[in-house]
$ cat start.cif   # mmCIF, C-alpha atoms
data_data
#
loop_
_atom_site.label_atom_id
_atom_site.label_comp_id
_atom_site.auth_asym_id
_atom_site.auth_seq_id
_atom_site.Cartn_x
_atom_site.Cartn_y
_atom_site.Cartn_z
CA MET A 28 0.00 0.00 0.00
CA GLY A 29 1.49 3.32 -1.12
CA GLY A 30 4.55 1.63 -2.64
CA ALA A 31 6.28 2.41 -5.91
CA ALA A 32 5.46 0.97 -9.32
CA ASP A 33 8.11 -0.30 -11.74
CA ASP A 34 8.45 3.20 -13.27
CA GLY A 35 9.31 4.71 -9.89
CA LEU A 36 5.93 6.40 -9.46
CA PRO A 37 3.63 5.55 -6.56
CA ALA A 38 1.52 2.50 -7.36
CA TRP A 39 -1.60 4.68 -7.38
CA VAL A 40 -0.23 7.07 -10.05
CA THR A 41 -0.16 6.52 -13.83
CA LEU A 42 1.48 8.92 -16.29
CA LEU A 43 -0.10 9.36 -19.73
CA ARG A 44 1.99 11.87 -21.71
CA ALA A 45 0.25 13.81 -24.46
CA PRO A 46 1.79 13.75 -27.96
CA ASN A 47 2.51 17.49 -28.01
CA PRO A 48 6.27 17.91 -27.52
CA GLY A 49 7.79 21.31 -28.16
CA PRO A 50 10.02 24.09 -26.80
CA MET A 51 7.39 25.11 -24.23
CA THR A 52 5.89 21.67 -23.47
CA LEU A 53 9.19 19.72 -23.29
CA ASP A 54 8.34 16.03 -23.93
CA GLY A 55 4.62 16.81 -23.89
CA THR A 56 1.94 17.55 -21.31
CA ASN A 57 1.87 15.10 -18.40
CA THR A 58 -1.63 13.80 -17.73
CA TRP A 59 -1.79 12.12 -14.33
CA VAL A 60 -4.28 9.37 -13.52
CA LEU A 61 -4.75 8.61 -9.80
CA ARG A 62 -6.55 5.64 -8.34
CA ALA A 63 -6.12 4.07 -4.92
CA PRO A 64 -5.73 0.27 -5.03
CA GLY A 65 -9.08 -1.48 -4.91
CA GLU A 66 -11.10 1.69 -5.58
CA THR A 67 -13.52 2.03 -8.48
CA LEU A 68 -13.26 5.76 -9.08
CA GLY A 69 -10.06 7.62 -9.90
CA VAL A 70 -9.04 11.20 -10.64
CA VAL A 71 -7.45 12.81 -13.72
CA ILE A 72 -5.13 15.80 -13.44
CA ASP A 73 -4.65 17.90 -16.60
CA PRO A 74 -6.17 16.03 -19.57
CA GLY A 75 -4.02 18.04 -21.93
CA PRO A 76 -4.68 19.11 -25.53
CA LEU A 77 -7.65 18.20 -27.70
CA ASP A 78 -6.04 15.09 -29.13
CA GLU A 79 -8.54 12.27 -29.66
CA SER A 80 -6.05 9.43 -29.29
CA HIS A 81 -4.68 10.84 -26.05
CA LEU A 82 -8.14 11.45 -24.62
CA ALA A 83 -9.22 7.93 -25.58
CA ARG A 84 -6.23 6.53 -23.68
CA ILE A 85 -7.25 8.50 -20.61
CA ALA A 86 -10.86 7.34 -20.89
CA GLU A 87 -9.70 3.71 -20.93
CA HIS A 88 -8.49 4.24 -17.35
CA GLY A 89 -11.95 5.39 -16.15
CA PRO A 90 -14.29 5.73 -14.43
CA PHE A 91 -13.30 8.93 -12.65
CA ARG A 92 -14.80 11.03 -9.91
CA SER A 93 -13.42 14.25 -11.37
CA ILE A 94 -11.05 15.88 -13.87
CA LEU A 95 -8.79 18.39 -12.11
CA ILE A 96 -7.12 21.34 -13.85
CA THR A 97 -3.91 22.96 -12.56
CA HIS A 98 -4.34 26.08 -14.75
CA GLY A 99 -6.04 27.29 -17.87
CA HIS A 100 -3.34 27.07 -20.53
CA TYR A 101 -4.62 25.17 -23.56
CA ASP A 102 -2.00 22.43 -23.39
CA HIS A 103 -3.46 21.42 -20.01
CA VAL A 104 -7.17 22.13 -20.38
CA GLU A 105 -8.08 22.10 -24.08
CA GLY A 106 -9.20 18.45 -24.02
CA ALA A 107 -11.11 18.64 -20.73
CA ALA A 108 -14.62 19.19 -22.06
CA ARG A 109 -14.21 16.46 -24.68
CA LEU A 110 -12.86 14.01 -22.09
CA SER A 111 -15.81 14.78 -19.83
CA ARG A 112 -18.21 13.90 -22.65
CA LEU A 113 -16.31 10.67 -23.41
CA LEU A 114 -16.71 9.72 -19.76
CA GLY A 115 -20.42 10.48 -19.64
CA GLY A 116 -20.24 13.84 -17.89
CA THR A 117 -17.44 13.53 -15.32
CA PRO A 118 -17.12 17.01 -13.76
CA VAL A 119 -14.18 19.24 -14.72
CA LEU A 120 -12.89 21.23 -11.74
CA ALA A 121 -10.80 24.38 -12.08
CA ALA A 122 -9.96 27.57 -10.21
CA ASP A 123 -11.21 29.65 -13.16
CA ASP A 124 -14.90 29.07 -13.91
CA GLU A 125 -14.13 29.51 -17.60
CA HIS A 126 -12.57 26.06 -17.49
CA GLY A 127 -14.66 24.12 -14.97
CA GLU A 128 -16.69 23.95 -11.79
CA PRO A 129 -15.40 25.05 -8.34
CA PHE A 130 -13.33 22.55 -6.37
CA ASP A 131 -15.51 22.90 -3.25
CA GLY A 132 -17.03 19.62 -2.17
CA TYR A 133 -15.00 17.44 -4.52
CA LEU A 134 -11.64 17.28 -2.78
CA GLY A 135 -10.68 15.88 0.60
CA ASP A 136 -10.44 12.27 1.75
CA SER A 137 -12.42 10.18 -0.73
CA ASP A 138 -11.92 6.99 -2.72
CA GLY A 139 -8.80 6.21 -0.73
CA LEU A 140 -6.94 9.41 -1.68
CA ASP A 141 -6.56 12.55 0.41
CA LEU A 142 -6.51 15.49 -2.03
CA LYS A 143 -5.74 19.07 -1.07
CA LYS A 144 -5.75 22.07 -3.41
CA ILE A 145 -2.96 24.59 -2.83
CA ASP A 146 -3.33 28.01 -4.43
CA THR A 147 -0.10 28.85 -6.26
CA PRO A 148 -0.78 31.84 -8.55
CA GLY A 149 2.02 33.39 -10.53
CA HIS A 150 2.59 31.33 -13.66
CA THR A 151 -1.05 32.21 -14.28
CA ALA A 152 -3.59 33.86 -12.02
CA ASP A 153 -5.52 30.58 -11.72
CA SER A 154 -2.58 28.22 -11.08
CA VAL A 155 -3.04 25.63 -8.35
CA CYS A 156 -1.14 22.56 -7.17
CA PHE A 157 -2.58 19.38 -5.70
CA LEU A 158 -1.11 17.64 -2.67
CA VAL A 159 -2.26 14.03 -2.74
CA GLU A 160 -1.62 11.44 -0.06
CA HIS A 161 -2.20 7.70 0.04
CA GLY A 162 -0.78 5.49 2.74
CA ASN A 163 2.57 6.97 3.73
CA VAL A 164 3.31 8.53 0.32
CA ARG A 165 2.64 12.16 -0.57
CA ALA A 166 2.95 13.71 -4.02
CA MET A 167 2.64 17.32 -5.18
CA PHE A 168 1.21 17.81 -8.67
CA THR A 169 2.60 21.17 -9.71
CA GLY A 170 1.27 21.82 -13.21
CA ASP A 171 3.53 24.50 -14.65
CA THR A 172 4.34 26.18 -11.33
CA ILE A 173 7.48 24.03 -11.17
CA LEU A 174 8.62 21.90 -14.10
CA GLY A 175 10.55 18.67 -14.03
CA ARG A 176 13.25 20.24 -16.20
CA GLY A 177 14.18 23.85 -16.88
CA SER A 178 12.29 26.86 -15.55
CA THR A 179 8.75 28.17 -15.81
CA VAL A 180 7.70 31.21 -17.82
CA VAL A 181 5.90 33.92 -15.85
CA ALA A 182 4.31 35.91 -18.64
CA ALA A 183 2.63 39.26 -18.13
CA PRO A 184 -0.18 40.19 -17.92
CA ASP A 185 -1.73 36.93 -16.64
CA GLY A 186 1.49 35.88 -14.93
CA ASP A 187 2.65 37.85 -11.91
CA LEU A 188 6.17 37.49 -10.58
CA GLY A 189 5.39 38.73 -7.06
CA SER A 190 2.64 36.12 -6.69
CA TYR A 191 4.90 33.51 -8.21
CA LEU A 192 7.69 34.12 -5.68
CA THR A 193 5.15 33.81 -2.87
CA SER A 194 3.90 30.53 -4.35
CA LEU A 195 7.45 29.17 -4.47
CA GLU A 196 7.81 30.05 -0.80
CA THR A 197 4.60 28.11 -0.15
CA LEU A 198 5.92 25.01 -1.94
CA SER A 199 9.27 25.24 -0.16
CA ALA A 200 7.40 24.21 3.01
CA TYR A 201 6.89 20.64 1.72
CA PRO A 202 10.29 18.93 2.08
CA ASN A 203 10.81 15.42 0.76
CA VAL A 204 7.48 15.40 -1.06
CA LEU A 205 7.55 13.81 -4.52
CA MET A 206 6.99 16.37 -7.29
CA LEU A 207 4.96 15.35 -10.34
CA PRO A 208 4.96 18.28 -12.80
CA GLY A 209 2.92 19.22 -15.85
CA HIS A 210 5.98 18.81 -18.07
CA GLY A 211 9.23 16.93 -17.62
CA PRO A 212 10.23 14.13 -15.26
CA ALA A 213 9.22 13.54 -11.67
CA GLN A 214 11.54 14.89 -8.98
CA ASP A 215 12.10 13.65 -5.44
CA ASP A 216 11.70 16.87 -3.43
CA VAL A 217 9.33 19.68 -4.38
CA ALA A 218 10.71 21.93 -1.61
CA ALA A 219 14.27 21.65 -2.93
CA LEU A 220 13.05 22.50 -6.43
CA ALA A 221 11.09 25.49 -5.09
CA ARG A 222 14.16 26.83 -3.29
CA GLY A 223 16.23 26.39 -6.43
CA TYR A 224 13.61 28.26 -8.44
CA LEU A 225 13.65 31.08 -5.89
CA ASP A 226 17.43 31.39 -6.13
CA HIS A 227 17.21 31.41 -9.93
CA ARG A 228 14.53 34.11 -9.97
CA ARG A 229 16.48 36.32 -7.60
CA GLU A 230 19.59 35.98 -9.78
CA ARG A 231 17.55 36.90 -12.87
CA LEU A 232 16.09 39.94 -11.14
CA ALA A 233 19.56 41.15 -10.26
CA GLN A 234 20.56 40.70 -13.91
CA VAL A 235 17.50 42.65 -15.07
CA VAL A 236 18.35 45.52 -12.71
CA ALA A 237 21.89 45.53 -14.12
CA ALA A 238 20.52 45.54 -17.69
CA VAL A 239 18.32 48.55 -16.91
CA GLU A 240 21.23 50.36 -15.31
CA ALA A 241 23.19 49.62 -18.52
CA GLY A 242 20.51 51.35 -20.59
CA ALA A 243 17.89 48.71 -21.42
CA GLU A 244 14.45 50.38 -21.67
CA THR A 245 12.21 47.65 -23.09
CA PRO A 246 11.68 43.93 -22.44
CA GLU A 247 13.30 43.22 -25.79
CA GLN A 248 16.42 45.16 -24.80
CA VAL A 249 16.52 43.35 -21.46
CA VAL A 250 16.42 40.00 -23.28
CA ASP A 251 19.31 41.10 -25.53
CA LEU A 252 21.47 41.72 -22.46
CA VAL A 253 20.27 39.03 -20.05
CA TYR A 254 19.59 36.18 -22.52
CA PRO A 255 22.08 36.87 -25.34
CA ASP A 256 22.24 33.25 -26.53
CA ILE A 257 18.57 32.35 -26.26
CA ASP A 258 17.06 30.04 -28.87
CA SER A 259 15.01 32.09 -31.31
CA ALA A 260 12.14 29.59 -30.93
CA ILE A 261 11.58 30.63 -27.32
CA ARG A 262 12.70 34.26 -27.46
CA PHE A 263 9.06 35.34 -27.22
CA ALA A 264 8.80 33.59 -23.84
CA ALA A 265 11.89 35.41 -22.57
CA ILE A 266 10.34 38.72 -23.64
CA PHE A 267 7.16 37.88 -21.72
CA SER A 268 9.29 37.00 -18.68
CA ALA A 269 11.28 40.22 -18.95
CA LYS A 270 8.02 42.20 -19.03
CA ALA A 271 6.88 40.42 -15.84
CA GLN A 272 10.26 41.09 -14.20
CA LEU A 273 10.13 44.79 -15.05
CA ASP A 274 6.56 45.04 -13.79
CA TYR A 275 7.60 43.37 -10.54
CA LEU A 276 10.57 45.71 -10.05
CA HIS A 277 8.45 48.79 -10.76
CA HIS A 278 5.83 47.68 -8.25
CA LYS A 279 8.44 46.84 -5.63
CA ASN A 280 10.19 50.16 -6.11
CA ARG A 281 6.93 52.11 -5.88
CA GLU A 282 6.13 50.34 -2.60
CA SER A 283 9.57 51.00 -1.12
CA GLY A 284 9.93 54.56 -2.44
CA THR A 285 13.27 53.68 -4.02
CA ARG A 286 14.28 52.67 -7.50
CA ALA A 287 17.31 51.28 -9.25
CA ASN A 288 18.94 53.66 -11.67
CA GLY A 289 16.99 53.76 -14.91
CA LEU A 290 13.79 52.09 -13.65
CA ASP A 291 12.03 55.44 -13.52
CA ARG A 292 12.33 55.91 -17.25
CA LEU A 293 10.70 52.63 -18.30
#

$ encode --input "start.cif" --output "structure tokens"
Amino acid sequence: MGGAADDGLPAWVTLLRAPNPGPMTLDGTNTWVLRAPGETLGVVIDPGPLDESHLARIAEHGPFRSILITHGHYDHVEGAARLSRLLGGTPVLAADDEHGEPFDGYLGDSDGLDLKKIDTPGHTADSVCFLVEHGNVRAMFTGDTILGRGSTVVAAPDGDLGSYLTSLETLSAYPNVLMLPGHGPAQDDVAALARGYLDHRRERLAQVVAAVEAGAETPEQVVDLVYPDIDSAIRFAAIFSAKAQLDYLHHKNRESGTRANGLDRL
């Protein structure tokens, strides 16, 4: 009970990866199927894109009590309504009512799994993680708040870097909890990853301040100085991130009444 399967995942977790690899999705969107041993109903986390073959694979693992959404980006939620229909109306639950029903009343200790929603805005305004426990094993399903490889884009205007840093602090309070992300491989310790992300973000912010002090006035100019060797295929994401970083620094400086040289002219 609560042991590991042959793939290293808990025995009550199955990974079904969507066939949508790319620069932003890595190997593809991770769809997670959860079912406690001996239970009839399971749970799906992030059904992924509207790909009929992928959704049919998920449906084969039914029936499910609910379909949970970590956030509203299309590569996580696009297939949710179609999957619900394939399953005969299984409810889709999401923080944003554009994508599903409220979580209230559906989570908690049921069907052998203890599920807890943790609000982690920042990557998007509606981003959440799910802490799931069965037996003596806990796993944190992080969506795009923390990836299994690389770093997450915080893209203005929906993304907010201040909220994101707070969410990383929240996740850093769960040491030695298995991390199962929306993209990339599983990792052993979500808290360690969160602390590493915090260090990385603080380093980037220092680099952005230095770029502004060197004369950068736009997100594009910040990217030229801070990410000089970035792959052209993901340059747009770096520009979005630079916009979020500049917004965060402006807000922080307005609150403190101080500003780094050059931030007042952006």

$ residues_around --input "start.cif" --residues "Gly99 in chain A" --least-positions-apart "4" --cutoff "10 Å" --atoms "all atoms listed in the file" --output "VMD selection string"
chain A and resid 73 103 to 105 121 to 127 151 to 154

$ resolve_selection --input "start.cif" --expression "the PyMOL selection byres ((chain A and resi 147) around 12)" --output "MDAnalysis selection string"
chainID A and resid 97:98 122 144:146 148:158 167:173 186:199 221

$ residues_near_point --input "start.cif" --point "(1.6, 40.3, -20.6)" --cutoff "12 Å" --atoms "only C-alpha atoms" --output "PyMOL selection string"
chain A and resi 150-152+180-188+246+263-274

$ closest_residue --input "start.cif" --among "A:Gly69, A:Gly106, A:Gly211, A:Gly75" --to "Asp138 in chain A" --atoms "all atoms listed in the file"
A:Gly69

$ atom_distance --input "start.cif" --atom1 "CA of Asp256 in chain A" --atom2 "CA of Leu207 in chain A"
29.7 Å

$ closest_atom_pairs --input "start.cif" --of "range 221-292 of chain A" --to "range 50-56 of chain A" --cutoff "10 Å" --atoms "all atoms listed in the file" --output "CSV"
residue,atom,partner,partner_atom,distance
A:Asp258,CA,A:Pro50,CA,9.4
A:Ala260,CA,A:Pro50,CA,7.2
A:Ile261,CA,A:Pro50,CA,6.7
A:Ala264,CA,A:Met51,CA,8.6

$ atom_distance --input "start.cif" --atom1 "CA of Val236 in chain A" --atom2 "CA of Tyr224 in chain A"
18.4 Å

$ residues_around --input "start.cif" --residues "Asn203 in chain A" --least-positions-apart "2" --cutoff "12 Å" --atoms "all atoms listed in the file" --output "ChimeraX atom specification"
/A:164-167,198-201,205-206,214-221

$ closest_residue --input "start.cif" --among "A:Pro90, A:Gly135, A:Gly49, A:Gly177" --to "Glu66 in chain A" --atoms "only C-alpha atoms"
A:Pro90

$ closest_residue --input "start.cif" --among "A:Ile72, A:Asp251, A:Glu128, A:Leu134" --to "Leu110 in chain A" --atoms "all atoms listed in the file"
A:Ile72

$ atom_distance --input "start.cif" --atom1 "CA of Leu252 in chain A" --atom2 "CA of Leu276 in chain A"
17.0 Å

$ resolve_selection --input "start.cif" --expression "the PyMOL selection byres ((chain A and resi 45) around 10)" --output "PyMOL selection string"
chain A and resi 42-44+46-48+52+54-58+74-78+80-82+84-85+102-103+210

$ write_last_selection --input "start.cif" --atoms "C-alpha atoms" --output "compact mmCIF listing (two decimals), keeping the file's coordinate frame"
# COMPACT_ATOMS: atom_id res chain seq x y z
CA LEU A 42 1.48 8.92 -16.29
CA LEU A 43 -0.10 9.36 -19.73
CA ARG A 44 1.99 11.87 -21.71
CA PRO A 46 1.79 13.75 -27.96
CA ASN A 47 2.51 17.49 -28.01
CA PRO A 48 6.27 17.91 -27.52
CA THR A 52 5.89 21.67 -23.47
CA ASP A 54 8.34 16.03 -23.93
CA GLY A 55 4.62 16.81 -23.89
CA THR A 56 1.94 17.55 -21.31
CA ASN A 57 1.87 15.10 -18.40
CA THR A 58 -1.63 13.80 -17.73
CA PRO A 74 -6.17 16.03 -19.57
CA GLY A 75 -4.02 18.04 -21.93
CA PRO A 76 -4.68 19.11 -25.53
CA LEU A 77 -7.65 18.20 -27.70
CA ASP A 78 -6.04 15.09 -29.13
CA SER A 80 -6.05 9.43 -29.29
CA HIS A 81 -4.68 10.84 -26.05
CA LEU A 82 -8.14 11.45 -24.62
CA ARG A 84 -6.23 6.53 -23.68
CA ILE A 85 -7.25 8.50 -20.61
CA ASP A 102 -2.00 22.43 -23.39
CA HIS A 103 -3.46 21.42 -20.01
CA HIS A 210 5.98 18.81 -18.07

$ axis_aligned_box --input "start.cif" --around "range 226-241 of chain A" --padding-each-side "5 Å" --output "JSON"
{"center_x": 18.9, "center_y": 40.9, "center_z": -12.3, "size_x": 18.7, "size_y": 29.0, "size_z": 22.4}

$ build_atoms --input "start.cif" --residues "range 54-68 of chain A" --atoms "N, CA and C atoms" --output "mmCIF file, keeping the file's coordinate frame"
data_model
loop_
_atom_site.group_PDB
_atom_site.id
_atom_site.type_symbol
_atom_site.label_atom_id
_atom_site.label_comp_id
_atom_site.auth_asym_id
_atom_site.auth_seq_id
_atom_site.Cartn_x
_atom_site.Cartn_y
_atom_site.Cartn_z
ATOM 1 N N ASP A 54 8.685 17.309 -23.290
ATOM 2 C CA ASP A 54 8.340 16.030 -23.930
ATOM 3 C C ASP A 54 6.854 15.912 -24.215
ATOM 4 N N GLY A 55 6.066 16.854 -23.755
ATOM 5 C CA GLY A 55 4.620 16.810 -23.890
ATOM 6 C C GLY A 55 3.975 17.059 -22.540
ATOM 7 N N THR A 56 2.670 17.316 -22.556
ATOM 8 C CA THR A 56 1.940 17.550 -21.310
ATOM 9 C C THR A 56 1.761 16.248 -20.549
ATOM 10 N N ASN A 57 2.082 16.266 -19.263
ATOM 11 C CA ASN A 57 1.870 15.100 -18.400
ATOM 12 C C ASN A 57 0.431 15.078 -17.902
ATOM 13 N N THR A 58 -0.311 14.066 -18.304
ATOM 14 C CA THR A 58 -1.630 13.800 -17.730
ATOM 15 C C THR A 58 -1.454 12.738 -16.658
ATOM 16 N N TRP A 59 -1.961 13.031 -15.458
ATOM 17 C CA TRP A 59 -1.790 12.120 -14.330
ATOM 18 C C TRP A 59 -3.129 11.466 -13.993
ATOM 19 N N VAL A 60 -3.115 10.147 -13.913
ATOM 20 C CA VAL A 60 -4.280 9.370 -13.520
ATOM 21 C C VAL A 60 -4.011 8.787 -12.131
ATOM 22 N N LEU A 61 -4.911 9.060 -11.184
ATOM 23 C CA LEU A 61 -4.750 8.610 -9.800
ATOM 24 C C LEU A 61 -5.892 7.663 -9.446
ATOM 25 N N ARG A 62 -5.523 6.550 -8.843
ATOM 26 C CA ARG A 62 -6.550 5.640 -8.340
ATOM 27 C C ARG A 62 -5.955 4.816 -7.209
ATOM 28 N N ALA A 63 -6.578 4.876 -6.043
ATOM 29 C CA ALA A 63 -6.120 4.070 -4.920
ATOM 30 C C ALA A 63 -6.404 2.596 -5.210
ATOM 31 N N PRO A 64 -5.517 1.697 -4.797
ATOM 32 C CA PRO A 64 -5.730 0.270 -5.030
ATOM 33 C C PRO A 64 -7.073 -0.191 -4.490
ATOM 34 N N GLY A 65 -7.798 -0.939 -5.327
ATOM 35 C CA GLY A 65 -9.080 -1.480 -4.910
ATOM 36 C C GLY A 65 -10.259 -0.549 -5.065
ATOM 37 N N GLU A 66 -10.007 0.717 -5.440
ATOM 38 C CA GLU A 66 -11.100 1.690 -5.580
ATOM 39 C C GLU A 66 -11.620 1.707 -7.016
ATOM 40 N N THR A 67 -12.894 1.985 -7.162
ATOM 41 C CA THR A 67 -13.520 2.030 -8.480
ATOM 42 C C THR A 67 -13.247 3.346 -9.191
ATOM 43 N N LEU A 68 -13.395 4.447 -8.476
ATOM 44 C CA LEU A 68 -13.260 5.760 -9.080
ATOM 45 C C LEU A 68 -11.856 6.319 -8.901
#
